[in-house]
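Participant: Dumping the structure here so I can ask a few things about it.
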Amino acid sequence: MYHSHRRHTTMLTLLSGILFGMANLVPAFWWLSIPALALLALLVETAARRRSAVFIAVSIGIIKMLLVMSWALTIYPVDWFTDAPHSLQLAALMFCWIGTSVTIGAGFGLFGALRLVKGRSWVIRALVFAILLVASENFGALLFSIFSYGPGSTLNTNFGFGMTGFSMVDHGLLRIVTPYGGVYILGIMAGLFAYGLRVLLATNIYYAALFVCIFVGTGYLHAPRAPLPPIRVAAIGTSFPSFRTQTYADMRNDQRLTHEAVHTALSAGAEMVVLTEDQRFGYAIDSNTLYRELGSTTHAKNAVVVDSYRTDTGAESVVLRAYVYDTDAQKTYTQDKKFLVPIGEYVPSLFSMILGTLQGNAAFNPMKYTIGAVQIPQDAPARIPSILFCFENIAGLFAKDAVGTRAPLLMVHPVSHSWFHYHAVLDNEERQTLMVQALFTGVPILQAGNAAPNILYAKDGTSYRGTTYTKTDRYTITLFDAH
């Protein structure tokens with residue numbers, strides 16, 4: 001009997017973790033977070049001991065994150081690991097994938113505190129469970145920041161991949177509450193609904209099934225669509241390889257193509273032209289020369305171009321900086337990236353020790369970025385967009401902070417997925433996060449992607465693919481126009 005119960009618990013633990021992961025991996029399965037959470041609550045509350053409850057919760061968290069973070073394995077083979085054998089590349093990626101999943105999943109251990117209110121009314125237990133959900137996901141993110149701590153990071157809760165609230169944004173009606181708390185309020189709502197399902201599972205399975213059907217069905221109800229920003233915007237998506245694999249001549253050739261694309265977009269009447277992350281439109285070009293070039297191109301009045309590239313700010317300091325060129329005013333606004341990617345933009349201290357045998361690998365030389373401090377000023381005109389760099393979208397409050405007290409017409413999200421050989425999973429998770437951030441800030445967000453889609457998210461979370469204006473084998477100009 002004991003072994004049968006243990007096997008039953010193991011299967012339900014595995015099922016809960018898998019359902020959690022699938023809610024992030026597949027767009028149509030967004031609702032699976034609710035039954036996953038209901039199973040977690042049931043297993044924690046019925047465990048024989050508190051230690052067993054914590055172990056079950058942590059196991060579910062790790063299984064979930066192994067699926068959520070599976071996109072990390074699609075970097076293999078690591079083209080920019082210039083002289084490392086494939087076996088070592090795979091070992092390094094496995095260490096990153098498993099280490100990240102274990103540290104974030106371990107945050108679920110906080111669910112053990114649910115047993116402290118055992119015997120209280122189900123309303124109190126539901127509230128505690130909802131709070132523990134948000135707390136555990138943030139605690140896991142904090143543990144990850146310790147795991148990935150290094151010269152380019154701080155202790156934080158910004159690594160929000162897998163947060164339940166992001167998957168809940170696909171519920172049409174729940175989007176109504178998103179402006180009041182972003183991913184956190186969605187997480188609270190998910191916890192409340194899930195605990196309600198847990199209560200029904202223990203009383204009447206048919207009512208539980210009806211509850212799920214109603215929850216999923218109402219998820220496809222939507223409020224009226226919000227309008228697009230009242231400007232013509234062009235996103236220049238690219239298919240350039242990672243700069244890590246390019247020579248200086250390759251970079252200069254891509255820069256020439258970027259200038260060609262910007263001229264085409266401005267001539268099409270774009271009032272804002274957005275380039276992908278680190279696209280280097282203005283790299284190593286004198287500002288006077290750049291503004292003469294932009295001014296001589298046919299363009300709409302007060303047109304702006306949004307660029308970004310690696311910028312030296314001192315002998316040992318390098319930041320990724322966005323440059324917003326105000327064509328007619330000949331004024332440049334800048335903003336620095338404040339959330340860096342481990343094993344991409346900096347090398348965590350733990351990784352430095354473990355990968356000491358690869359110290360001579362040239363791939364690590366560019367990974368010396370530091371957190372920047374420059375921000376778009378609060379008195380900038382509304383036509384100057386706020387910037388949300390790649391991976392800053394997964395942090396709960398970065399988008400809100402980027403907007404500040406401004407009311408920009410648009411927030412731009414320059415991103416590059418050139419490291420990945422397959423990124424549909426990452427694209428879906430990014431879609432969910434950008435929907436939340438657009439709703440939370442009340443500002444539309446435009447993604448311009450290198451090896452990633454060009455998409456505009458209206459302030460109600462609705463996504464638009466725009467109209468393809470020009471397409472070559474290296475870049476695609478997509479227009480988004482409310483007129």
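Chain labels run A, B, ... following the order of the structure tokens; each chain numbers its residues from 1, and ligands are numbered from 1 in the order shown.
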Got a sec: who's within 8 Å of range 213-225 of chain A, counting only C-alpha atoms, leaving out chain neighbours fewer than 6 positions off, as an NGL selection string?
Facilitator: :A and (31 or 170-174 or 460 or 462)
Participant: For the residues in the current selection, export N, CA and C atoms as an mmCIF file, in the first residue's frame.
Facilitator:
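Wrote out_16.cif, looks like this:
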```
data_model
loop_
_atom_site.group_PDB
_atom_site.id
_atom_site.type_symbol
_atom_site.label_atom_id
_atom_site.label_comp_id
_atom_site.auth_asym_id
_atom_site.auth_seq_id
_atom_site.Cartn_x
_atom_site.Cartn_y
_atom_site.Cartn_z
ATOM 1 N N TRP A 31 -3.576 27.589 -20.311
ATOM 2 C CA TRP A 31 -4.459 27.350 -19.169
ATOM 3 C C TRP A 31 -3.999 26.197 -18.280
ATOM 4 N N ASP A 170 -2.767 35.091 -21.492
ATOM 5 C CA ASP A 170 -3.544 34.598 -22.625
ATOM 6 C C ASP A 170 -5.024 34.422 -22.280
ATOM 7 N N HIS A 171 -5.389 34.593 -21.013
ATOM 8 C CA HIS A 171 -6.800 34.575 -20.631
ATOM 9 C C HIS A 171 -7.374 35.960 -20.906
ATOM 10 N N GLY A 172 -8.286 36.045 -21.860
ATOM 11 C CA GLY A 172 -8.794 37.327 -22.322
ATOM 12 C C GLY A 172 -9.357 38.209 -21.228
ATOM 13 N N LEU A 173 -10.084 37.616 -20.280
ATOM 14 C CA LEU A 173 -10.704 38.430 -19.229
ATOM 15 C C LEU A 173 -9.718 38.834 -18.145
ATOM 16 N N LEU A 174 -8.750 37.971 -17.847
ATOM 17 C CA LEU A 174 -7.773 38.310 -16.814
ATOM 18 C C LEU A 174 -6.898 39.493 -17.218
ATOM 19 N N ASP A 460 -3.501 46.905 -25.086
ATOM 20 C CA ASP A 460 -4.432 45.914 -24.547
ATOM 21 C C ASP A 460 -3.887 44.495 -24.711
ATOM 22 N N THR A 462 -3.032 43.039 -27.533
ATOM 23 C CA THR A 462 -3.253 42.509 -28.880
ATOM 24 C C THR A 462 -1.982 42.630 -29.708
#
```
Participant: Just the residues within 6 Å of range 422-435 of chain A, please, counting only C-alpha atoms, with nothing from its chain fewer than 3 positions along; format it as a VMD selection string.
Facilitator: chain A and resid 25 71 74 166 394 438 461
Participant: What does the distance between CA of Gly466 in chain A and CA of Thr258 in chain A come to in Å, to one decimal place?
Facilitator: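 That distance, rounded to one decimal, is 19.8 Å.
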Participant: Can you tell me which residues surround Asp336 in chain A at a distance of at most 10 Å, considering only C-alpha atoms, apart from same-chain residues fewer than 5 positions away, and format the answer as a list in words?
Facilitator: Ser308, Tyr309, Arg310, Thr311, Val319, Leu320, Arg321, Ala322, Tyr323, Thr370, Ile371, Gly372, Ala373, Val374, Gln375, Ile376, Ile387, Leu388 and Phe389 of chain A
Participant: Would you write out those residues with C-alpha atoms, as a CSV table (one decimal), in the first residue's frame?
Facilitator:
```csv
chain,number,residue,atom,x,y,z
A,308,SER,CA,22.0,50.2,-30.2
A,309,TYR,CA,25.5,48.9,-30.0
A,310,ARG,CA,28.4,48.0,-27.6
A,311,THR,CA,29.8,51.2,-26.2
A,319,VAL,CA,27.7,48.8,-21.9
A,320,LEU,CA,25.1,48.0,-24.4
A,321,ARG,CA,23.6,51.4,-25.2
A,322,ALA,CA,20.5,52.4,-27.3
A,323,TYR,CA,20.8,55.5,-29.4
A,370,THR,CA,28.6,46.2,-17.2
A,371,ILE,CA,25.2,47.4,-16.1
A,372,GLY,CA,24.6,50.9,-17.5
A,373,ALA,CA,23.0,53.9,-15.7
A,374,VAL,CA,21.9,56.2,-18.6
A,375,GLN,CA,18.2,56.5,-19.1
A,376,ILE,CA,15.9,58.4,-21.5
A,387,ILE,CA,13.7,51.2,-24.5
A,388,LEU,CA,13.2,47.7,-23.2
A,389,PHE,CA,16.2,45.6,-24.2
```
Participant: Figure out the distance between CA of Phe129 in chain A and CA of Gly196 in chain A, please, to one decimal in Å.
Facilitator: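 Atom-to-atom, CA of Gly196 in chain A to CA of Phe129 in chain A, that is 10.5 Å.
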Participant: Can you tell me which residues surround Pro348 in chain A at a distance of at most 12 Å, considering only C-alpha atoms, apart from same-chain residues fewer than 4 positions away, and format the answer as an NGL selection string?
Facilitator: :A and (96 or 144-154 or 340-344 or 352-356 or 364 or 367-369)
Participant: Determine which residues of range 56-134 of chain A DSSP labels as alpha helix (DSSP H) from the backbone of this structure, then write them out as an MDAnalysis selection string.
Facilitator: chainID A and resid 56:68 86:106 122:134
Participant: Which neighbours of Leu19 in chain A fall inside 12 Å, counting only C-alpha atoms, when residues of the same chain fewer than 6 positions from it are skipped, and could you give them as a list in words?
Facilitator: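 So, after excluding close chain neighbours, the residues are Leu12, Thr13, Leu25, Val26, Phe29, Trp30, Trp31, Leu32, Ser33, Ile34, Pro35, Ala36, Leu37, Ala38, Leu39, Leu40, Ile60, Gly61, Ile63, Lys64, Met65, Leu67, Val68, Thr164 and Ser167 of chain A.
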